[in-house]
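Dumped entry_34.cif below, it's mmCIF, C-alpha atoms:
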data_input
loop_
_atom_site.label_atom_id
_atom_site.label_comp_id
_atom_site.auth_asym_id
_atom_site.auth_seq_id
_atom_site.Cartn_x
_atom_site.Cartn_y
_atom_site.Cartn_z
CA MET R 19 -0.13 29.19 -30.91
CA ARG R 20 -2.40 30.31 -28.09
CA ARG R 21 -3.80 26.78 -27.72
CA VAL R 22 -0.31 25.34 -27.38
CA SER R 23 0.63 27.92 -24.71
CA LEU R 24 -2.62 27.31 -22.82
CA ALA R 25 -2.12 23.53 -22.96
CA ALA R 26 1.48 23.88 -21.72
CA ALA R 27 0.37 26.15 -18.86
CA LEU R 28 -2.38 23.70 -17.83
CA ALA R 29 0.09 20.81 -17.90
CA LEU R 30 2.53 22.77 -15.71
CA VAL R 31 -0.15 23.71 -13.17
CA THR R 32 -1.37 20.10 -13.06
CA ALA R 33 2.17 18.81 -12.53
CA LEU R 34 2.81 21.33 -9.74
CA GLY R 35 -0.45 20.39 -8.02
CA PHE R 36 0.48 16.70 -8.22
CA SER R 37 3.94 17.36 -6.76
CA VAL R 38 2.50 19.22 -3.79
CA ALA R 39 -0.02 16.41 -3.13
CA ILE R 40 2.74 13.80 -3.10
CA ALA R 41 4.92 15.87 -0.76
CA GLY R 42 2.46 15.50 2.10
CA SER R 43 0.48 12.39 1.24
CA THR R 44 -0.77 9.51 3.34
CA THR R 45 -2.39 6.34 2.02
CA THR R 46 -5.73 5.18 3.30
CA GLU R 47 -5.66 2.22 5.65
CA THR R 48 -8.11 0.13 3.66
CA THR R 49 -5.30 -1.75 1.94
CA GLY R 50 -3.57 -2.81 5.18
CA VAL R 51 -0.61 -0.72 4.09
CA VAL R 52 0.33 2.76 5.28
CA ARG R 53 2.64 5.10 3.38
CA VAL R 54 3.40 8.61 4.59
CA GLU R 55 5.57 11.09 2.69
CA ARG R 56 6.82 14.41 4.04
CA ALA R 57 9.11 16.89 2.37
CA VAL R 58 10.87 20.09 3.35
CA VAL R 59 11.90 22.05 0.28
CA ASP R 60 13.07 25.23 1.99
CA ALA R 61 16.48 25.62 3.54
CA TRP R 62 16.92 23.91 6.93
CA HIS R 63 19.62 24.04 9.57
CA PHE R 64 20.27 22.51 12.95
CA GLY R 65 23.15 22.01 15.32
CA CYS R 66 24.10 21.51 18.92
CA HIS R 67 26.86 22.36 21.38
CA GLY R 68 28.12 20.43 24.43
CA ASP R 69 25.46 18.88 26.65
CA ALA R 70 22.61 19.82 24.31
CA CYS R 71 24.05 17.27 21.85
CA GLN R 72 23.40 14.34 24.17
CA GLY R 73 19.64 14.47 23.63
CA GLY R 74 20.00 14.29 19.90
CA PRO R 75 18.44 17.38 18.35
CA SER R 76 16.09 16.88 15.44
CA PRO R 77 15.70 19.27 12.53
CA PHE R 78 11.97 18.54 12.28
CA GLU R 79 9.01 17.68 14.46
CA ALA R 80 8.23 14.02 15.01
CA ILE R 81 6.02 12.46 12.35
CA SER R 82 3.02 10.59 13.78
CA VAL R 83 1.76 7.55 11.88
CA THR R 84 -1.09 5.21 12.81
CA SER R 85 -0.39 1.57 11.98
CA PRO R 86 -2.99 -0.38 9.98
CA SER R 87 -5.83 -1.47 12.26
CA SER R 88 -6.36 -4.53 10.05
CA GLU R 89 -2.89 -5.94 10.87
CA THR R 90 -1.64 -7.35 14.19
CA SER R 91 2.00 -6.63 13.33
CA VAL R 92 3.81 -4.76 10.58
CA ASP R 93 7.24 -4.32 9.09
CA VAL R 94 8.33 -0.68 8.88
CA VAL R 95 10.79 0.98 6.50
CA VAL R 96 11.78 4.63 6.80
CA THR R 97 13.74 6.21 3.96
CA VAL R 98 15.25 9.68 4.22
CA THR R 99 16.74 11.55 1.27
CA MET R 100 18.46 14.81 2.06
CA ASP R 101 21.06 17.16 0.76
CA TYR R 102 23.29 18.46 3.50
CA GLN R 103 26.52 20.23 4.31
CA THR R 104 28.36 20.10 7.61
CA THR R 105 30.77 22.62 9.01
CA PRO R 106 34.18 21.31 7.88
CA GLY R 107 35.63 19.01 10.52
CA ASP R 108 32.36 18.46 12.39
CA PHE R 109 31.62 14.77 12.78
CA GLY R 110 28.03 13.65 13.16
CA VAL R 111 25.74 10.68 12.89
CA VAL R 112 22.02 10.40 12.20
CA ARG R 113 19.63 7.79 13.51
CA MET R 114 15.91 7.15 13.29
CA ARG R 115 13.79 6.56 16.39
CA LEU R 116 10.45 4.77 16.48
CA LYS R 117 8.28 5.51 19.52
CA PRO R 118 4.87 4.08 20.31
CA VAL R 119 2.88 6.88 21.96
CA GLY R 120 3.20 6.44 25.73
CA SER R 121 6.18 4.04 25.51
CA PRO R 122 9.97 4.43 25.26
CA ALA R 123 11.60 5.13 21.91
CA VAL R 124 13.59 2.47 20.07
CA ASP R 125 16.42 3.06 17.57
CA MET R 126 15.61 1.52 14.21
CA ARG R 127 18.13 -0.78 12.51
CA PRO R 128 20.84 -0.61 11.31
CA GLY R 129 21.43 2.28 13.73
CA ASP R 130 23.71 5.25 13.05
CA PHE R 131 24.84 6.59 9.69
CA THR R 132 27.90 8.86 9.63
CA LEU R 133 27.49 12.14 7.79
CA ASP R 134 30.26 13.40 5.53
CA SER R 135 32.35 15.95 7.42
CA SER R 136 34.20 17.52 4.49
CA GLY R 137 32.01 20.61 4.43
CA ALA R 138 30.97 19.95 0.82
CA LEU R 139 27.29 19.86 -0.16
CA THR R 140 26.27 16.24 -0.72
CA THR R 141 23.12 14.15 -1.05
CA SER R 142 22.37 10.89 0.76
CA THR R 143 19.54 8.43 0.91
CA LEU R 144 19.39 6.46 4.16
CA SER R 145 17.02 3.64 5.20
CA TRP R 146 16.08 2.10 8.52
CA ILE R 147 13.88 -0.92 9.27
CA ALA R 148 11.90 -2.41 12.13
CA ARG R 149 10.37 -5.87 11.80
CA ASP R 150 7.31 -7.36 13.46
CA VAL R 151 6.16 -4.12 15.12
CA PRO R 152 2.79 -4.31 16.95
CA ALA R 153 0.06 -2.73 14.82
CA SER R 154 -3.73 -2.80 15.33
CA GLY R 155 -4.03 0.99 15.02
CA THR R 156 -1.08 1.85 17.29
CA VAL R 157 0.18 5.43 16.86
CA TYR R 158 3.95 5.75 16.37
CA GLU R 159 6.17 8.82 16.30
CA PHE R 160 9.21 8.82 14.03
CA ARG R 161 12.08 11.21 14.73
CA LEU R 162 15.40 11.76 12.99
CA LEU R 163 18.15 12.47 15.52
CA VAL R 164 21.54 14.04 14.94
CA LEU R 165 24.44 13.53 17.34
CA PRO R 166 28.14 14.34 17.27
CA ARG R 167 30.15 11.21 16.61
CA ARG R 168 31.61 9.81 19.84
CA ASP R 169 35.21 10.58 18.83
CA SER R 170 34.41 14.17 17.88
CA GLY R 171 36.73 16.23 20.06
CA ASP R 172 34.73 19.45 20.21
CA ALA R 173 31.24 17.99 21.01
CA HIS R 174 29.42 20.19 18.52
CA PHE R 175 27.80 19.62 15.19
CA HIS R 176 26.17 21.82 12.54
CA VAL R 177 24.45 20.70 9.38
CA ARG R 178 22.35 22.54 6.83
CA GLY R 179 20.59 21.67 3.62
CA ARG R 180 17.95 22.68 1.13
CA ARG R 181 15.78 19.58 0.75
CA PHE R 182 14.72 16.79 3.05
CA THR R 183 12.24 14.01 2.25
CA VAL R 184 11.06 11.16 4.48
CA VAL R 185 8.94 8.17 3.41
CA ILE R 186 7.48 5.88 6.09
CA GLU R 187 5.94 2.59 4.96
CA MET R 188 4.17 -0.09 7.01
CA TRP R 189 2.77 -3.39 5.78
CA SER R 190 1.90 -6.85 7.10
CA ALA R 191 4.85 -8.43 8.94
CA GLY R 192 6.55 -11.36 7.38
#

Now, as a test, write the supplied structure out as structure tokens.
Amino acid sequence: MRRVSLAAALALVTALGFSVAIAGSTTTETTGVVRVERAVVDAWHFGCHGDACQGGPSPFEAISVTSPSSETSVDVVVTVTMDYQTTPGDFGVVRMRLKPVGSPAVDMRPGDFTLDSSGALTTSTLSWIARDVPASGTVYEFRLLVLPRRDSGDAHFHVRGRRFTVVIEMWSAG
């Protein structure tokens, strides 16, 4: 019985160690592909009021990713999975920005996604793309922005959640 308990405990510790490694992993560039995963598993919250909403607050710091130096251009996909809950009646959108260090930011396609404003806890997976992005070791910052929807009468927005995961992938364009 002790052997079974010890084996189960070792399997659990191994699984937990693997989960933590995946939550903050980055691939090596030797394959010409970059994959970065980040996760927030504690509660998170952000919001804005009035003029502060115009800049698009972000719940998390920008994620810096270096494009493959072996590629001249790459296609980029960013996938965000999050659970969230808005204040009932608040209307907001999220967008993903891609910014080469030292250059202006660009909104990734397809643009804005509207968040559910019912006030109920929900989960969404959202994806953005950018094609034929210059690579050759260029450093990019990725930032999730949250803005009140244009027809929101009170110009404020609050959202909270428990989990947030972002996966950024780059590979040869085409």

Exercise: segment 93-96 of chain R partners within 6 Å, only C-alpha atoms, chain neighbours under 2 positions left out, as an NGL selection string: :R and (145-150 or 185-189 or 191)

Could you take the residues named above and write them with C-alpha atoms, as an mmCIF file, keeping the file's coordinate frame?
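Now in out03.cif:
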data_model
loop_
_atom_site.group_PDB
_atom_site.id
_atom_site.type_symbol
_atom_site.label_atom_id
_atom_site.label_comp_id
_atom_site.auth_asym_id
_atom_site.auth_seq_id
_atom_site.Cartn_x
_atom_site.Cartn_y
_atom_site.Cartn_z
ATOM 1 C CA SER R 145 17.020 3.640 5.200
ATOM 2 C CA TRP R 146 16.080 2.100 8.520
ATOM 3 C CA ILE R 147 13.880 -0.920 9.270
ATOM 4 C CA ALA R 148 11.900 -2.410 12.130
ATOM 5 C CA ARG R 149 10.370 -5.870 11.800
ATOM 6 C CA ASP R 150 7.310 -7.360 13.460
ATOM 7 C CA VAL R 185 8.940 8.170 3.410
ATOM 8 C CA ILE R 186 7.480 5.880 6.090
ATOM 9 C CA GLU R 187 5.940 2.590 4.960
ATOM 10 C CA MET R 188 4.170 -0.090 7.010
ATOM 11 C CA TRP R 189 2.770 -3.390 5.780
ATOM 12 C CA ALA R 191 4.850 -8.430 8.940
#

Convert the output of the PyMOL selection byres ((chain R and resi 117) around 12) on the shown file into explicit residues, formatted as JSON, numbers by chain. {"R": [80, 81, 82, 83, 84, 114, 115, 116, 118, 119, 120, 121, 122, 123, 124, 125, 126, 148, 151, 152, 156, 157, 158, 159, 160, 161, 162]}

Report as a ChimeraX atom specification the full result of the PyMOL selection byres ((chain R and resi 59) around 10) when it is applied to this structure. /R:41,56-58,60-62,100,179-183

Name all residues at most 12 Å from segment 129-133 of chain R (count all atoms listed in the file; drop same-chain ones fewer than 4 positions away) and give them as an MDAnalysis selection string. chainID R and resid 74 98 100:116 124:125 137:148 162:170 175:178

Kindly give the distance, in Å, that separates atom CA of Gly50 of chain R and atom CA of Ser190 of chain R, rounded to a single decimal. 7.1 Å

Mind pulling up the distance from atom CA of Val52 of chain R to atom CA of Thr97 of chain R? 13.9 Å

Enter the distance from atom CA of Glu79 of chain R to atom CA of Gly155 of chain R, in Å, rounded to one decimal. 21.2 Å

Centre and size of axis-aligned box enclosing segment 143-162 of chain R plus 8 Å each side, as AutoDock Vina command-line options:
--center_x 7.8 --center_y 2.2 --center_z 9.1 --size_x 39.6 --size_y 35.1 --size_z 32.4

Closest of R:Ala153, R:Arg127, R:Gly192, R:Glu55 to Glu89 of chain R, counting all atoms listed in the file, is R:Ala153
